[in-house]
Amino acid sequence: MRAVVVSSPGGPDVLRASQVPDPVPGPGEVLIEVAAAGVNRADLLQRAGHYPPPPGAPAWPGLEVSGVVVGVGPPATAVTHAGGDPADPGTPQVGDRVAALLAGGGYAERVTVNASLTLPVHPVLDPVDAAALPEALATVWSNLCAARLEPGETLLVHGGSGGVGSVAVQLAHARGHRVLATAGGPERCARVRELGADVVVDHRSQDVAAAVRGATGGRGVDVVLDVLGGGALRSNVELLAEGGRLVVIGLQQGRRGELDLPALMARRGSVIATTLRDRPAAQKAAIMAGVREHLWPLVLDGRVRPVVHARVPLADAPLAHAMLASGEVLGKVLLIP
């Protein structure tokens with residue numbers, strides 16, 4: 001089959017379309033004919049040599065896909081697919097449309113994945129755009145659970161126009177939370193408001209800290225979902241309400257930052273940091289079960305929608321990476337085999 005591989009660590013030009021062996025589904029896995037693959041910042045890190053795939057994953061990038069099941073592996077005794085549990089719809093069958101969370105390998109014509117990491121794509125959902133959802137939904141669900149976001153609490157989403165941020169804004173709004181978000185530029189801010197944010201701060205022209213304090217009456221927010229990392233550590237702590245939680249899921253402003261411990265202690269706050277890709281299989285299956293039960297119904301009834309900036313042919317993966325690196329993408333870029 002055709003896949004986009006990383007010829008050597010470097011810029012977008014190191015991505016090459018190549019022939020690789022066809023995948024074969026193992027126990028508990030399904031084989032998917034890919035309709036689209038989502039492009040994520042983790043893929044850019046992998047291409048540059050900073051985020052190697054976990055053991056057993058394909059060497060080429062791609063953390064999420066949508067497509068049609070074209071093969072089913074033998075049953076796996078370690079994974080139960082009862083079918084009666086709404087969080088576990090059972091193993092998809094040949095001909096079923098699905099979206100899937102991967103450890104890697106999505107930039108290809110076919111992928112294999114454990115059935116527990118799939119989501120059923122019903123006719124109400126565009127079968128191509130569905131590829132924009134698995135990684136973001138799993139990331140948001142696992143981190144909001146880690147942050148213990150409670151009813152009535154306020155969430156601040158940094159990068160509300162990004163692939164994860166655009167989904168986080170919609171989900172939090174649909175679940176009844178007050179949502180603050182940041183975005184760059186008037187057009188992007190307007191789009192994030194349309195997604196459900198109550199307050200959007202233009203980080204290019206506004207003082208984010210002052211705007212958040214003003215919007216919360218000086219109280220601060222209960223949870224910050226942060227893609228910025230080290231460079232924003234101090235300012236994020238200052239934005240927390242008493243008992244607030246900072247959840248770091250990205251490092252766009254660096255790997256290291258200075259933590260003002262007295263400020264954190266005064267707020268009785270906490271800092272949480274997570275990754276998704278390298279979690280054990282059982283943890284990923286549990287996260288996706290939560291997504292199916294609690295979030296997927298919001299997708300199917302239209303309250304949460306995939307936000308797709310562009311569809312790009314698989315062979316033009318370098319262009320897709322350059323688009324994402326430019327900072328101008330709103331939502332996700334999809335690769336189409």
# chains A, B, ... in the order shown; residues from 1 in each chain; ligands from 1
>>> residues_around(residues="Tyr51 (chain A)", least_positions_apart="3", cutoff="12 Å", atoms="only C-alpha atoms", output="ChimeraX atom specification")
/A:9,41-48,54,59-61,103-104,275,277-278
>>> select_by_dssp(residues="region 57-248 of chain A", states="strand (DSSP E or B)", output="PyMOL selection string")
chain A and resi 64-72+97-101+108+110-114+118-120+154-157+178-183+199-202+221-226+240-248
>>> select_by_dssp(residues="region 76-177 of chain A", states="helix (DSSP H, G or I)", output="NGL selection string")
:A and (115-117 or 129-132 or 134-147 or 163-174)
>>> closest_residue(among="A:Asp207, A:Glu242, A:Asp316, A:Glu135", to="Gly165 (chain A)", atoms="only C-alpha atoms")
A:Glu135
>>> atom_distance(atom1="CA of Val128 (chain A)", atom2="CA of Val94 (chain A)")
17.8 Å
>>> residues_around(residues="Pro123 (chain A)", least_positions_apart="2", cutoff="12 Å", atoms="only C-alpha atoms", output="list in words")
Asp96, Arg97, Val98, Pro120, Val121, Leu125, Asp126, Pro127, Val128, Ala130, Val299, Leu300 and Asp301 of chain A
>>> write_last_selection(atoms="N, CA, C and O atoms", output="PDB file, in the first residue's frame")
ATOM      1  N   ASP A  96     -18.570  -1.608   7.949  1.00  0.00           N
ATOM      2  CA  ASP A  96     -18.909  -0.541   8.894  1.00  0.00           C
ATOM      3  C   ASP A  96     -17.994   0.667   8.693  1.00  0.00           C
ATOM      4  O   ASP A  96     -16.785   0.521   8.477  1.00  0.00           O
ATOM      5  N   ARG A  97     -18.568   1.856   8.792  1.00  0.00           N
ATOM      6  CA  ARG A  97     -17.773   3.085   8.781  1.00  0.00           C
ATOM      7  C   ARG A  97     -17.374   3.415  10.221  1.00  0.00           C
ATOM      8  O   ARG A  97     -18.213   3.388  11.121  1.00  0.00           O
ATOM      9  N   VAL A  98     -16.108   3.741  10.401  1.00  0.00           N
ATOM     10  CA  VAL A  98     -15.588   4.017  11.738  1.00  0.00           C
ATOM     11  C   VAL A  98     -14.600   5.170  11.683  1.00  0.00           C
ATOM     12  O   VAL A  98     -14.089   5.538  10.624  1.00  0.00           O
ATOM     13  N   PRO A 120     -18.152   4.447  16.009  1.00  0.00           N
ATOM     14  CA  PRO A 120     -19.028   4.194  14.865  1.00  0.00           C
ATOM     15  C   PRO A 120     -19.423   5.493  14.171  1.00  0.00           C
ATOM     16  O   PRO A 120     -19.882   6.443  14.812  1.00  0.00           O
ATOM     17  N   VAL A 121     -19.240   5.564  12.863  1.00  0.00           N
ATOM     18  CA  VAL A 121     -19.582   6.756  12.093  1.00  0.00           C
ATOM     19  C   VAL A 121     -20.944   6.545  11.446  1.00  0.00           C
ATOM     20  O   VAL A 121     -21.067   5.825  10.460  1.00  0.00           O
ATOM     21  N   LEU A 125     -22.973  11.874  10.192  1.00  0.00           N
ATOM     22  CA  LEU A 125     -21.628  12.433  10.286  1.00  0.00           C
ATOM     23  C   LEU A 125     -20.895  12.223   8.969  1.00  0.00           C
ATOM     24  O   LEU A 125     -20.911  11.118   8.410  1.00  0.00           O
ATOM     25  N   ASP A 126     -20.258  13.269   8.468  1.00  0.00           N
ATOM     26  CA  ASP A 126     -19.496  13.144   7.231  1.00  0.00           C
ATOM     27  C   ASP A 126     -18.391  12.100   7.423  1.00  0.00           C
ATOM     28  O   ASP A 126     -17.585  12.216   8.356  1.00  0.00           O
ATOM     29  N   PRO A 127     -18.327  11.080   6.570  1.00  0.00           N
ATOM     30  CA  PRO A 127     -17.371   9.987   6.784  1.00  0.00           C
ATOM     31  C   PRO A 127     -15.913  10.393   6.608  1.00  0.00           C
ATOM     32  O   PRO A 127     -15.026   9.703   7.109  1.00  0.00           O
ATOM     33  N   VAL A 128     -15.652  11.490   5.910  1.00  0.00           N
ATOM     34  CA  VAL A 128     -14.285  11.993   5.771  1.00  0.00           C
ATOM     35  C   VAL A 128     -13.933  12.891   6.953  1.00  0.00           C
ATOM     36  O   VAL A 128     -12.921  12.706   7.626  1.00  0.00           O
ATOM     37  N   ALA A 130     -15.021  12.966   9.817  1.00  0.00           N
ATOM     38  CA  ALA A 130     -14.958  12.244  11.092  1.00  0.00           C
ATOM     39  C   ALA A 130     -13.525  11.996  11.536  1.00  0.00           C
ATOM     40  O   ALA A 130     -13.255  11.823  12.731  1.00  0.00           O
ATOM     41  N   VAL A 299     -21.732  14.399  19.387  1.00  0.00           N
ATOM     42  CA  VAL A 299     -21.343  14.482  17.979  1.00  0.00           C
ATOM     43  C   VAL A 299     -22.509  14.077  17.088  1.00  0.00           C
ATOM     44  O   VAL A 299     -22.843  14.746  16.101  1.00  0.00           O
ATOM     45  N   LEU A 300     -23.156  12.993  17.444  1.00  0.00           N
ATOM     46  CA  LEU A 300     -24.220  12.459  16.594  1.00  0.00           C
ATOM     47  C   LEU A 300     -25.455  13.351  16.586  1.00  0.00           C
ATOM     48  O   LEU A 300     -26.218  13.340  15.608  1.00  0.00           O
ATOM     49  N   ASP A 301     -25.671  14.139  17.647  1.00  0.00           N
ATOM     50  CA  ASP A 301     -26.828  15.047  17.624  1.00  0.00           C
ATOM     51  C   ASP A 301     -26.455  16.448  17.132  1.00  0.00           C
ATOM     52  O   ASP A 301     -27.289  17.356  17.139  1.00  0.00           O
TER      53      ASP A 301
END
>>> closest_residue(among="A:Gln206, A:Trp296, A:Pro313, A:Pro337", to="Met1 (chain A)", atoms="only C-alpha atoms")
A:Pro337
>>> residues_around(residues="region 309-311 of chain A", least_positions_apart="4", cutoff="9 Å", atoms="only C-alpha atoms", output="compact mmCIF listing (two decimals) with all heavy atoms, in the first residue's frame")
# COMPACT_ATOMS: atom_id res chain seq x y z
N ALA A 36 -9.71 9.29 5.38
CA ALA A 36 -8.98 10.52 5.71
C ALA A 36 -8.17 10.26 6.97
O ALA A 36 -8.53 9.44 7.81
CB ALA A 36 -9.93 11.68 5.92
N ASP A 129 -14.78 13.87 7.24
CA ASP A 129 -14.50 14.82 8.32
C ASP A 129 -14.44 14.16 9.68
O ASP A 129 -13.86 14.71 10.63
CB ASP A 129 -15.55 15.92 8.33
CG ASP A 129 -15.43 16.86 7.14
OD1 ASP A 129 -14.45 16.73 6.37
OD2 ASP A 129 -16.32 17.72 6.96
N ALA A 320 0.50 19.96 3.91
CA ALA A 320 -0.35 19.91 5.12
C ALA A 320 0.46 20.27 6.36
O ALA A 320 -0.02 21.01 7.24
CB ALA A 320 -0.97 18.53 5.25
N VAL A 329 -4.08 27.51 10.70
CA VAL A 329 -5.11 26.47 10.54
C VAL A 329 -6.17 26.64 11.62
O VAL A 329 -5.87 26.82 12.80
CB VAL A 329 -4.48 25.07 10.61
CG1 VAL A 329 -5.55 23.99 10.71
CG2 VAL A 329 -3.60 24.83 9.39
N LEU A 330 -7.44 26.57 11.22
CA LEU A 330 -8.55 26.60 12.16
C LEU A 330 -9.17 25.20 12.18
O LEU A 330 -9.78 24.78 11.22
CB LEU A 330 -9.59 27.64 11.75
CG LEU A 330 -10.50 28.15 12.86
CD1 LEU A 330 -11.12 29.49 12.46
CD2 LEU A 330 -11.61 27.15 13.18
N GLY A 331 -8.96 24.50 13.27
CA GLY A 331 -9.42 23.11 13.36
C GLY A 331 -8.34 22.17 12.85
O GLY A 331 -7.17 22.29 13.21
N LYS A 332 -8.74 21.24 12.00
CA LYS A 332 -7.83 20.19 11.52
C LYS A 332 -7.61 20.27 10.02
O LYS A 332 -8.48 20.67 9.26
CB LYS A 332 -8.42 18.81 11.83
CG LYS A 332 -8.36 18.37 13.29
CD LYS A 332 -6.97 17.90 13.67
CE LYS A 332 -6.92 17.51 15.14
NZ LYS A 332 -7.48 16.19 15.43
N VAL A 333 -6.41 19.85 9.60
CA VAL A 333 -6.13 19.54 8.21
C VAL A 333 -6.23 18.03 8.06
O VAL A 333 -5.71 17.28 8.90
CB VAL A 333 -4.72 20.03 7.80
CG1 VAL A 333 -4.40 19.59 6.37
CG2 VAL A 333 -4.63 21.54 7.93
N LEU A 334 -6.90 17.59 6.98
CA LEU A 334 -7.05 16.16 6.73
C LEU A 334 -6.28 15.76 5.48
O LEU A 334 -6.25 16.49 4.49
CB LEU A 334 -8.53 15.81 6.55
CG LEU A 334 -9.48 16.13 7.70
CD1 LEU A 334 -10.89 15.67 7.35
CD2 LEU A 334 -9.01 15.47 8.99
N LEU A 335 -5.67 14.58 5.53
CA LEU A 335 -5.01 13.99 4.37
C LEU A 335 -5.94 12.95 3.76
O LEU A 335 -6.50 12.10 4.48
CB LEU A 335 -3.70 13.32 4.77
CG LEU A 335 -2.57 14.25 5.23
CD1 LEU A 335 -1.38 13.44 5.72
CD2 LEU A 335 -2.16 15.19 4.10
N ILE A 336 -6.09 13.01 2.44
CA ILE A 336 -7.01 12.13 1.73
C ILE A 336 -6.23 11.19 0.82
O ILE A 336 -5.58 11.64 -0.13
CB ILE A 336 -8.02 12.95 0.88
CG1 ILE A 336 -8.64 14.08 1.71
CG2 ILE A 336 -9.08 12.03 0.31
CD1 ILE A 336 -9.43 13.64 2.91
>>> atom_distance(atom1="CA of Asn40 (chain A)", atom2="CA of Leu246 (chain A)")
22.0 Å
>>> residues_around(residues="Gly218 (chain A)", least_positions_apart="3", cutoff="12 Å", atoms="only C-alpha atoms", output="list in words")
Ala209, Ala210, Ala211, Val212, Arg213, Gly214, Ala215, Val221, Glu238, Leu239, Leu240, Ala241 and Glu242 of chain A
>>> write_last_selection(atoms="N, CA and C atoms", output="PDB file, in the first residue's frame")
ATOM      1  N   ALA A 209      -4.206  37.880  30.459  1.00  0.00           N
ATOM      2  CA  ALA A 209      -4.437  37.817  31.905  1.00  0.00           C
ATOM      3  C   ALA A 209      -5.471  38.843  32.339  1.00  0.00           C
ATOM      4  N   ALA A 210      -5.341  40.074  31.844  1.00  0.00           N
ATOM      5  CA  ALA A 210      -6.294  41.119  32.230  1.00  0.00           C
ATOM      6  C   ALA A 210      -7.684  40.797  31.723  1.00  0.00           C
ATOM      7  N   ALA A 211      -7.787  40.266  30.512  1.00  0.00           N
ATOM      8  CA  ALA A 211      -9.097  39.937  29.953  1.00  0.00           C
ATOM      9  C   ALA A 211      -9.764  38.806  30.729  1.00  0.00           C
ATOM     10  N   VAL A 212      -8.998  37.805  31.126  1.00  0.00           N
ATOM     11  CA  VAL A 212      -9.572  36.691  31.886  1.00  0.00           C
ATOM     12  C   VAL A 212     -10.002  37.159  33.270  1.00  0.00           C
ATOM     13  N   ARG A 213      -9.171  37.966  33.913  1.00  0.00           N
ATOM     14  CA  ARG A 213      -9.564  38.481  35.231  1.00  0.00           C
ATOM     15  C   ARG A 213     -10.825  39.326  35.122  1.00  0.00           C
ATOM     16  N   GLY A 214     -10.893  40.148  34.067  1.00  0.00           N
ATOM     17  CA  GLY A 214     -12.086  40.973  33.891  1.00  0.00           C
ATOM     18  C   GLY A 214     -13.328  40.151  33.636  1.00  0.00           C
ATOM     19  N   ALA A 215     -13.203  39.084  32.864  1.00  0.00           N
ATOM     20  CA  ALA A 215     -14.355  38.247  32.522  1.00  0.00           C
ATOM     21  C   ALA A 215     -14.828  37.409  33.693  1.00  0.00           C
ATOM     22  N   VAL A 221     -10.205  31.203  36.723  1.00  0.00           N
ATOM     23  CA  VAL A 221     -10.937  30.069  36.157  1.00  0.00           C
ATOM     24  C   VAL A 221     -10.632  28.802  36.943  1.00  0.00           C
ATOM     25  N   GLU A 238      -1.364  32.217  37.547  1.00  0.00           N
ATOM     26  CA  GLU A 238      -1.995  33.445  38.009  1.00  0.00           C
ATOM     27  C   GLU A 238      -3.460  33.534  37.600  1.00  0.00           C
ATOM     28  N   LEU A 239      -3.873  32.761  36.591  1.00  0.00           N
ATOM     29  CA  LEU A 239      -5.255  32.801  36.124  1.00  0.00           C
ATOM     30  C   LEU A 239      -6.163  31.822  36.870  1.00  0.00           C
ATOM     31  N   LEU A 240      -5.600  30.985  37.722  1.00  0.00           N
ATOM     32  CA  LEU A 240      -6.399  29.988  38.422  1.00  0.00           C
ATOM     33  C   LEU A 240      -7.206  30.595  39.566  1.00  0.00           C
ATOM     34  N   ALA A 241      -8.443  30.135  39.698  1.00  0.00           N
ATOM     35  CA  ALA A 241      -9.248  30.452  40.868  1.00  0.00           C
ATOM     36  C   ALA A 241      -8.768  29.604  42.046  1.00  0.00           C
ATOM     37  N   GLU A 242      -9.310  29.861  43.212  1.00  0.00           N
ATOM     38  CA  GLU A 242      -8.975  29.024  44.359  1.00  0.00           C
ATOM     39  C   GLU A 242      -9.371  27.577  44.062  1.00  0.00           C
TER      40      GLU A 242
END
>>> residues_around(residues="Val20 (chain A)", least_positions_apart="3", cutoff="12 Å", atoms="only C-alpha atoms", output="JSON, numbers by chain")
{"A": [1, 2, 3, 4, 5, 16, 17, 23, 58, 59, 60, 105, 107, 108, 109, 110, 111]}
>>> closest_residue(among="A:Leu149, A:Val69, A:Val237, A:Val24", to="Arg267 (chain A)", atoms="only C-alpha atoms")
A:Val237
>>> closest_residue(among="A:Gln170, A:Ser142, A:Ser205, A:Gln19", to="Ala183 (chain A)", atoms="only C-alpha atoms")
A:Ser205
>>> closest_residue(among="A:Leu251, A:Gly176, A:His50, A:Ser270", to="Ser8 (chain A)", atoms="only C-alpha atoms")
A:His50
>>> atom_distance(atom1="CA of Gly10 (chain A)", atom2="CA of Leu225 (chain A)")
29.1 Å
>>> closest_residue(among="A:Arg245, A:Arg255, A:His203, A:Arg305", to="Glu150 (chain A)", atoms="only C-alpha atoms")
A:Arg245
>>> residues_around(residues="Val271 (chain A)", least_positions_apart="6", cutoff="12 Å", atoms="only C-alpha atoms", output="PyMOL selection string")
chain A and resi 143+146-147+222-226+229-230+233-234+236-237+240+243-249+259-261+264-265
